[in-house]
file final-v3.txt (compact mmCIF, C-alpha atoms and all ligand atoms)
# COMPACT_ATOMS: atom_id res chain seq x y z
CA MET A 1 20.51 -6.40 -2.42
CA ASP A 2 21.82 -4.39 -5.40
CA SER A 3 20.62 -0.81 -5.78
CA GLU A 4 20.08 -1.50 -9.49
CA ILE A 5 18.69 -4.67 -11.04
CA ILE A 6 18.59 -5.46 -14.77
CA ILE A 7 15.36 -7.28 -15.49
CA PRO A 8 16.36 -10.70 -16.90
CA GLN A 9 15.19 -12.16 -20.21
CA GLY A 10 11.86 -13.94 -20.01
CA PHE A 11 10.48 -11.41 -17.50
CA PRO A 12 8.21 -8.43 -18.23
CA PHE A 13 10.27 -5.38 -19.31
CA ALA A 14 13.34 -7.60 -19.86
CA GLY A 15 16.54 -5.58 -20.34
CA ASN A 16 15.21 -2.55 -18.47
CA LYS A 17 16.37 -1.49 -15.03
CA LEU A 18 14.88 -1.54 -11.59
CA GLU A 19 16.48 1.38 -9.74
CA GLU A 20 16.31 1.48 -5.95
CA ILE A 21 14.53 4.59 -4.68
CA ILE A 22 13.91 3.51 -1.06
CA SER A 23 16.34 1.18 0.67
CA PRO A 24 15.20 -1.82 2.72
CA ASP A 25 16.58 -0.14 5.89
CA SER A 26 14.59 3.04 5.28
CA VAL A 27 11.48 0.95 4.66
CA GLN A 28 11.80 -0.82 7.98
CA LYS A 29 12.58 2.37 9.93
CA ARG A 30 9.56 4.17 8.53
CA VAL A 31 7.21 1.24 9.16
CA ALA A 32 8.29 1.17 12.83
CA GLU A 33 7.63 4.94 13.11
CA ILE A 34 4.12 4.62 11.69
CA ALA A 35 3.40 1.66 13.97
CA SER A 36 4.39 3.64 17.03
CA GLU A 37 2.09 6.53 15.99
CA ILE A 38 -0.78 4.08 15.48
CA SER A 39 -0.06 2.49 18.87
CA VAL A 40 -0.29 5.90 20.56
CA MET A 41 -3.50 6.76 18.71
CA TYR A 42 -5.27 3.52 19.72
CA GLN A 43 -3.89 3.08 23.26
CA GLY A 44 -6.50 1.11 25.28
CA LYS A 45 -8.58 0.35 22.15
CA VAL A 46 -8.71 -2.72 19.90
CA PRO A 47 -8.80 -1.49 16.28
CA ILE A 48 -9.46 -3.72 13.27
CA ILE A 49 -6.55 -3.35 10.88
CA ILE A 50 -7.72 -4.05 7.33
CA GLY A 51 -5.08 -4.88 4.73
CA VAL A 52 -5.77 -4.23 1.05
CA LEU A 53 -4.60 -7.20 -1.01
CA ASN A 54 -2.44 -7.95 -2.77
CA GLY A 55 0.00 -5.04 -2.56
CA ALA A 56 -0.25 -4.23 1.15
CA PHE A 57 0.54 -7.71 2.47
CA LEU A 58 4.16 -7.00 3.45
CA PHE A 59 3.52 -3.51 4.85
CA MET A 60 0.59 -4.90 6.84
CA ALA A 61 2.63 -7.81 8.21
CA ASP A 62 5.57 -5.60 9.25
CA LEU A 63 3.32 -2.88 10.63
CA VAL A 64 1.30 -5.10 12.97
CA ARG A 65 4.45 -6.76 14.31
CA HIS A 66 5.52 -3.37 15.64
CA LEU A 67 2.19 -2.44 17.26
CA ASP A 68 2.12 -2.53 21.05
CA ILE A 69 -1.66 -2.56 21.37
CA GLN A 70 -4.24 -5.32 20.92
CA PHE A 71 -5.76 -5.44 17.44
CA GLU A 72 -7.69 -7.64 15.01
CA VAL A 73 -6.89 -8.08 11.33
CA ASP A 74 -8.98 -8.57 8.22
CA PHE A 75 -8.34 -8.24 4.49
CA LEU A 76 -10.07 -7.21 1.34
CA LYS A 77 -8.96 -7.43 -2.23
CA ILE A 78 -9.51 -4.86 -4.94
CA ASP A 79 -8.09 -4.30 -8.40
CA SER A 80 -7.71 -1.08 -10.36
CA TYR A 81 -4.53 -1.69 -12.36
CA GLY A 82 -5.12 -5.17 -13.83
CA ASP A 83 -1.70 -6.31 -15.05
CA GLY A 84 -0.75 -2.88 -16.42
CA THR A 85 1.21 0.11 -15.17
CA LYS A 86 -1.66 2.64 -15.26
CA SER A 87 -4.96 2.79 -13.39
CA THR A 88 -7.86 1.42 -15.44
CA GLY A 89 -10.07 4.08 -13.85
CA THR A 90 -12.43 1.56 -12.30
CA VAL A 91 -12.08 -0.35 -9.04
CA ARG A 92 -13.34 -3.92 -8.69
CA LEU A 93 -13.99 -5.52 -5.30
CA LEU A 94 -12.54 -9.03 -5.60
CA LYS A 95 -12.87 -10.05 -1.94
CA ASP A 96 -14.78 -8.26 0.79
CA ILE A 97 -13.94 -8.09 4.52
CA SER A 98 -15.56 -10.68 6.75
CA ALA A 99 -15.40 -8.77 10.07
CA ASP A 100 -18.35 -6.72 11.28
CA ILE A 101 -16.82 -3.25 11.55
CA THR A 102 -19.93 -1.43 12.75
CA GLY A 103 -19.04 0.65 15.80
CA ARG A 104 -15.37 -0.41 15.59
CA HIS A 105 -12.17 1.57 15.17
CA VAL A 106 -10.88 0.75 11.67
CA VAL A 107 -7.47 1.34 10.10
CA VAL A 108 -7.22 0.55 6.38
CA VAL A 109 -3.70 -0.31 5.23
CA GLU A 110 -2.87 0.36 1.57
CA ASP A 111 0.30 -0.23 -0.43
CA ILE A 112 0.22 2.95 -2.53
CA VAL A 113 -2.12 5.82 -3.26
CA ASP A 114 -1.79 6.88 -6.89
CA THR A 115 -4.93 8.61 -8.26
CA GLY A 116 -6.77 8.01 -4.99
CA LEU A 117 -9.59 6.16 -6.75
CA SER A 118 -9.07 2.98 -4.72
CA LEU A 119 -8.97 4.97 -1.49
CA LYS A 120 -12.25 6.70 -2.33
CA PHE A 121 -13.80 3.32 -3.12
CA LEU A 122 -12.55 1.86 0.18
CA LYS A 123 -13.74 4.86 2.18
CA HIS A 124 -17.21 4.51 0.71
CA ARG A 125 -17.28 0.73 1.34
CA MET A 126 -16.16 1.17 4.98
CA GLU A 127 -18.46 4.10 5.75
CA GLU A 128 -21.47 2.05 4.63
CA ALA A 129 -20.86 -0.13 7.69
CA SER A 130 -20.69 2.81 10.14
CA PRO A 131 -17.38 2.22 11.93
CA LYS A 132 -16.72 4.22 15.09
CA SER A 133 -13.64 5.73 13.47
CA LEU A 134 -11.93 5.26 10.11
CA ARG A 135 -8.33 6.05 9.26
CA PHE A 136 -6.04 5.24 6.36
CA ALA A 137 -2.37 4.30 6.27
CA THR A 138 -0.54 3.97 2.97
CA PHE A 139 3.04 2.94 2.52
CA LEU A 140 3.57 5.11 -0.58
CA TYR A 141 1.81 8.22 -1.81
CA LYS A 142 2.08 10.02 -5.16
CA PRO A 143 1.11 13.62 -4.26
CA ASP A 144 1.38 14.93 -7.84
CA VAL A 145 -1.15 12.39 -9.09
CA ALA A 146 -3.54 11.91 -6.18
CA SER A 147 -6.83 13.76 -6.27
CA LYS A 148 -6.66 16.68 -3.86
CA ASP A 149 -9.83 15.87 -1.95
CA ILE A 150 -8.55 12.67 -0.32
CA SER A 151 -7.11 12.58 3.15
CA ILE A 152 -4.60 10.08 4.44
CA ASP A 153 -3.70 9.71 8.10
CA TRP A 154 -0.33 8.01 7.68
CA ALA A 155 1.85 7.96 4.55
CA GLY A 156 5.20 6.18 4.61
CA PHE A 157 6.88 8.02 1.75
CA ASN A 158 5.82 10.55 -0.88
CA ILE A 159 7.16 9.54 -4.30
CA GLU A 160 7.20 11.02 -7.79
CA ASP A 161 4.78 9.96 -10.49
CA GLN A 162 6.59 6.80 -11.56
CA PHE A 163 5.80 3.11 -11.57
CA VAL A 164 7.44 1.27 -8.68
CA VAL A 165 7.77 -2.32 -7.52
CA GLY A 166 8.92 -4.14 -4.40
CA TYR A 167 7.76 -4.44 -0.80
CA GLY A 168 4.48 -6.00 -1.95
CA LEU A 169 4.09 -4.02 -5.18
CA ASP A 170 4.19 -5.96 -8.44
CA LEU A 171 4.76 -5.70 -12.13
CA LYS A 172 2.56 -8.37 -13.73
CA GLN A 173 2.48 -10.16 -10.37
CA ILE A 174 6.25 -10.43 -9.87
CA TYR A 175 8.84 -8.42 -7.86
CA ARG A 176 6.59 -8.26 -4.79
CA GLY A 177 9.32 -9.83 -2.64
CA LEU A 178 11.97 -7.11 -3.11
CA PRO A 179 12.66 -5.59 0.34
CA GLY A 180 13.09 -2.00 -0.94
CA ILE A 181 11.21 0.13 -3.46
CA TYR A 182 12.41 0.17 -7.07
CA ALA A 183 11.42 2.39 -10.01
CA VAL A 184 11.00 0.63 -13.34
CA LYS A 185 13.21 2.53 -15.79
CA GLU A 186 12.06 2.05 -19.36
CA GLU A 187 14.33 4.55 -21.12
CA ASP A 188 16.61 1.82 -22.57
CA LYS A 189 13.72 0.24 -24.48
P1 LIG B 1 -5.19 4.40 -7.30
O1 LIG B 1 -6.57 3.83 -7.21
O2 LIG B 1 -4.80 5.26 -6.13
O3 LIG B 1 -4.95 5.08 -8.62
O4 LIG B 1 -4.19 3.19 -7.35
C1 LIG B 1 -3.98 2.36 -6.26
C2 LIG B 1 -3.56 0.97 -6.68
O5 LIG B 1 -2.93 0.96 -7.97
C3 LIG B 1 -2.54 0.44 -5.72
O6 LIG B 1 -3.16 -0.22 -4.64
C4 LIG B 1 -1.70 -0.47 -6.60
O7 LIG B 1 -2.28 -1.75 -6.70
C5 LIG B 1 -1.76 0.18 -7.97
N1 LIG B 1 -0.59 1.08 -8.17
C6 LIG B 1 -0.59 2.43 -8.22
N2 LIG B 1 0.64 2.92 -8.45
C7 LIG B 1 1.45 1.82 -8.55
C8 LIG B 1 2.86 1.67 -8.77
O8 LIG B 1 3.66 2.61 -8.94
N3 LIG B 1 3.33 0.37 -8.78
C9 LIG B 1 2.51 -0.71 -8.61
N4 LIG B 1 3.08 -1.92 -8.65
N5 LIG B 1 1.18 -0.59 -8.40
C10 LIG B 1 0.66 0.66 -8.38

call {"tool": "encode", "arguments": {"input": "final-v3.txt", "output": "structure tokens"}}
result
Amino acid sequence: MDSEIIIPQGFPFAGNKLEEIISPDSVQKRVAEIASEISVMYQGKVPIIIGVLNGAFLFMADLVRHLDIQFEVDFLKIDSYGDGTKSTGTVRLLKDISADITGRHVVVVEDIVDTGLSLKFLKHRMEEASPKSLRFATFLYKPDVASKDISIDWAGFNIEDQFVVGYGLDLKQIYRGLPGIYAVKEEDK
């Protein structure tokens, strides 16, 4: 996989560059590290791992493959970005979880925490159901943007305030399959 990709004609942001900021190898190493920490934390327990669609689907899939504990999975789907590159400021619940999480250990798996609005929404939604414990893992975290009153239990990588794609993250629904993380560079526009 090239460390720089020119976005082809016919695609959003055609002619601009996707610049690799986290390599596929680093992604996989970090996911394994987080999985081993989660395995230690939940030794002898059966947590419900809840993936936030769509962006977290690859992180979630890789993460659970590394766990050496028993676990259940569920998913929910929210939207705060629409098809754009900035948060709309409101979070919509597009699909709720189906598991009963009352009294259960819950780990919510997110793709990226930007403003933290989605995380706050998810925390509120989960706490309504009174889980026994509630923790959050995010693959990426933008510390300069995120509201200071949120707490995350596991963050894969801290990144600058820039729009990124790959490893589940999209630009207008494409580029989710890239195995590393790429910044969309618009300066040539
Ligand atoms: P927040 O609610 O924390 O502002 O934003 C979280 C959601 O916005 C993420 O789950 C993701 O869908 C989207 N998002 C935030 N930053 C980025 C980014 O750099 N790239 C992409 N593709 N999505 C992002």

call {"tool": "residues_near_ligand", "arguments": {"input": "final-v3.txt", "ligand": "ligand LIG 1 (chain B)", "cutoff": "6 Å", "atoms": "all atoms listed in the file", "output": "PDB file with C-alpha atoms, in the frame of the given file"}}
result
ATOM      1  CA  GLY A  55       0.000  -5.040  -2.560  1.00  0.00           C
ATOM      2  CA  SER A  80      -7.710  -1.080 -10.360  1.00  0.00           C
ATOM      3  CA  TYR A  81      -4.530  -1.690 -12.360  1.00  0.00           C
ATOM      4  CA  SER A  87      -4.960   2.790 -13.390  1.00  0.00           C
ATOM      5  CA  ASP A 111       0.300  -0.230  -0.430  1.00  0.00           C
ATOM      6  CA  ILE A 112       0.220   2.950  -2.530  1.00  0.00           C
ATOM      7  CA  VAL A 113      -2.120   5.820  -3.260  1.00  0.00           C
ATOM      8  CA  ASP A 114      -1.790   6.880  -6.890  1.00  0.00           C
ATOM      9  CA  THR A 115      -4.930   8.610  -8.260  1.00  0.00           C
ATOM     10  CA  GLY A 116      -6.770   8.010  -4.990  1.00  0.00           C
ATOM     11  CA  LEU A 117      -9.590   6.160  -6.750  1.00  0.00           C
ATOM     12  CA  SER A 118      -9.070   2.980  -4.720  1.00  0.00           C
ATOM     13  CA  GLN A 162       6.590   6.800 -11.560  1.00  0.00           C
ATOM     14  CA  PHE A 163       5.800   3.110 -11.570  1.00  0.00           C
ATOM     15  CA  VAL A 164       7.440   1.270  -8.680  1.00  0.00           C
ATOM     16  CA  VAL A 165       7.770  -2.320  -7.520  1.00  0.00           C
ATOM     17  CA  LEU A 169       4.090  -4.020  -5.180  1.00  0.00           C
ATOM     18  CA  ASP A 170       4.190  -5.960  -8.440  1.00  0.00           C
ATOM     19  CA  LEU A 171       4.760  -5.700 -12.130  1.00  0.00           C
TER      20      LEU A 171
END

call {"tool": "axis_aligned_box", "arguments": {"input": "final-v3.txt", "around": "range 69-83 of chain A", "padding_each_side": "6 Å", "output": "AutoDock Vina command-line options"}}
result
--center_x -5.9 --center_y -4.8 --center_z 3.2 --size_x 20.4 --size_y 19.5 --size_z 48.4

call {"tool": "residues_around", "arguments": {"input": "final-v3.txt", "residues": "range 130-137 of chain A", "least_positions_apart": "6", "cutoff": "10 Å", "atoms": "only C-alpha atoms", "output": "NGL selection string"}}
result
:A and (34-35 or 38 or 47-51 or 59-60 or 100-113 or 119 or 122-123 or 151-156)

call {"tool": "residues_around", "arguments": {"input": "final-v3.txt", "residues": "range 61-75 of chain A", "least_positions_apart": "3", "cutoff": "9 Å", "atoms": "only C-alpha atoms", "output": "ChimeraX atom specification"}}
result
/A:28,31-36,38-40,42-53,56-58,95-99

call {"tool": "closest_residue", "arguments": {"input": "final-v3.txt", "among": "A:Gln173, A:Thr90, A:Gln9, A:Asn16", "to": "Asn54 in chain A", "atoms": "all atoms listed in the file"}}
result
A:Gln173

call {"tool": "atom_distance", "arguments": {"input": "final-v3.txt", "atom1": "CA of Thr85 in chain A", "atom2": "CA of Lys29 in chain A"}}
result
27.6 Å

call {"tool": "closest_residue", "arguments": {"input": "final-v3.txt", "among": "A:Lys172, A:Glu128, A:Tyr167, A:Phe121", "to": "Ile150 in chain A", "atoms": "all atoms listed in the file"}}
result
A:Phe121

call {"tool": "build_atoms", "arguments": {"input": "final-v3.txt", "residues": "range 4-15 of chain A", "atoms": "all heavy atoms", "output": "CSV table (one decimal), keeping the file's coordinate frame"}}
result
chain,number,residue,atom,x,y,z
A,4,GLU,N,20.6,-1.5,-8.1
A,4,GLU,CA,20.1,-1.5,-9.5
A,4,GLU,C,20.0,-2.9,-10.0
A,4,GLU,O,20.9,-3.7,-9.8
A,4,GLU,CB,21.0,-0.7,-10.4
A,4,GLU,CG,20.4,-0.3,-11.7
A,4,GLU,CD,21.4,0.6,-12.5
A,4,GLU,OE1,21.4,1.8,-12.2
A,4,GLU,OE2,22.1,0.0,-13.3
A,5,ILE,N,18.9,-3.3,-10.6
A,5,ILE,CA,18.7,-4.7,-11.0
A,5,ILE,C,18.3,-4.6,-12.5
A,5,ILE,O,17.4,-3.8,-12.9
A,5,ILE,CB,17.5,-5.4,-10.3
A,5,ILE,CG1,17.9,-5.5,-8.8
A,5,ILE,CG2,17.2,-6.7,-10.8
A,5,ILE,CD1,16.7,-5.9,-7.9
A,6,ILE,N,19.0,-5.4,-13.4
A,6,ILE,CA,18.6,-5.5,-14.8
A,6,ILE,C,17.6,-6.6,-14.8
A,6,ILE,O,17.8,-7.7,-14.4
A,6,ILE,CB,19.8,-5.8,-15.7
A,6,ILE,CG1,21.0,-4.8,-15.5
A,6,ILE,CG2,19.3,-5.8,-17.2
A,6,ILE,CD1,20.8,-3.4,-16.0
A,7,ILE,N,16.4,-6.3,-15.4
A,7,ILE,CA,15.4,-7.3,-15.5
A,7,ILE,C,15.8,-8.4,-16.5
A,7,ILE,O,16.1,-8.1,-17.6
A,7,ILE,CB,14.0,-6.6,-15.9
A,7,ILE,CG1,13.6,-5.5,-14.9
A,7,ILE,CG2,12.9,-7.7,-16.0
A,7,ILE,CD1,12.4,-4.7,-15.3
A,8,PRO,N,15.8,-9.6,-16.0
A,8,PRO,CA,16.4,-10.7,-16.9
A,8,PRO,C,15.4,-11.1,-18.0
A,8,PRO,O,14.2,-10.8,-18.0
A,8,PRO,CB,16.5,-11.9,-15.9
A,8,PRO,CG,15.8,-11.6,-14.7
A,8,PRO,CD,15.5,-10.1,-14.7
A,9,GLN,N,16.0,-11.7,-19.1
A,9,GLN,CA,15.2,-12.2,-20.2
A,9,GLN,C,14.1,-13.1,-19.7
A,9,GLN,O,14.3,-13.8,-18.7
A,9,GLN,CB,16.1,-12.9,-21.2
A,9,GLN,CG,17.1,-12.0,-22.0
A,9,GLN,CD,16.4,-10.8,-22.6
A,9,GLN,OE1,15.3,-10.9,-23.3
A,9,GLN,NE2,17.0,-9.6,-22.4
A,10,GLY,N,13.0,-13.0,-20.4
A,10,GLY,CA,11.9,-13.9,-20.0
A,10,GLY,C,10.9,-13.3,-19.0
A,10,GLY,O,9.9,-13.8,-18.7
A,11,PHE,N,11.3,-12.1,-18.5
A,11,PHE,CA,10.5,-11.4,-17.5
A,11,PHE,C,9.9,-10.2,-18.2
A,11,PHE,O,10.5,-9.7,-19.1
A,11,PHE,CB,11.3,-11.0,-16.3
A,11,PHE,CG,11.6,-12.2,-15.4
A,11,PHE,CD1,12.7,-12.9,-15.6
A,11,PHE,CD2,10.8,-12.5,-14.3
A,11,PHE,CE1,13.1,-14.0,-14.8
A,11,PHE,CE2,11.1,-13.6,-13.5
A,11,PHE,CZ,12.2,-14.4,-13.8
A,12,PRO,N,8.8,-9.7,-17.6
A,12,PRO,CA,8.2,-8.4,-18.2
A,12,PRO,C,9.2,-7.3,-18.2
A,12,PRO,O,10.0,-7.2,-17.2
A,12,PRO,CB,7.0,-8.1,-17.3
A,12,PRO,CG,6.7,-9.3,-16.5
A,12,PRO,CD,8.0,-10.1,-16.5
A,13,PHE,N,9.3,-6.5,-19.2
A,13,PHE,CA,10.3,-5.4,-19.3
A,13,PHE,C,11.7,-5.9,-19.3
A,13,PHE,O,12.6,-5.2,-18.8
A,13,PHE,CB,10.0,-4.3,-18.2
A,13,PHE,CG,8.7,-3.6,-18.4
A,13,PHE,CD1,7.5,-4.2,-17.9
A,13,PHE,CD2,8.6,-2.4,-19.0
A,13,PHE,CE1,6.3,-3.6,-18.0
A,13,PHE,CE2,7.4,-1.7,-19.1
A,13,PHE,CZ,6.2,-2.3,-18.6
A,14,ALA,N,12.0,-7.0,-19.8
A,14,ALA,CA,13.3,-7.6,-19.9
A,14,ALA,C,14.3,-6.6,-20.5
A,14,ALA,O,14.0,-5.9,-21.4
A,14,ALA,CB,13.4,-8.9,-20.7
A,15,GLY,N,15.5,-6.5,-19.9
A,15,GLY,CA,16.5,-5.6,-20.3
A,15,GLY,C,16.5,-4.2,-19.7
A,15,GLY,O,17.4,-3.5,-19.7
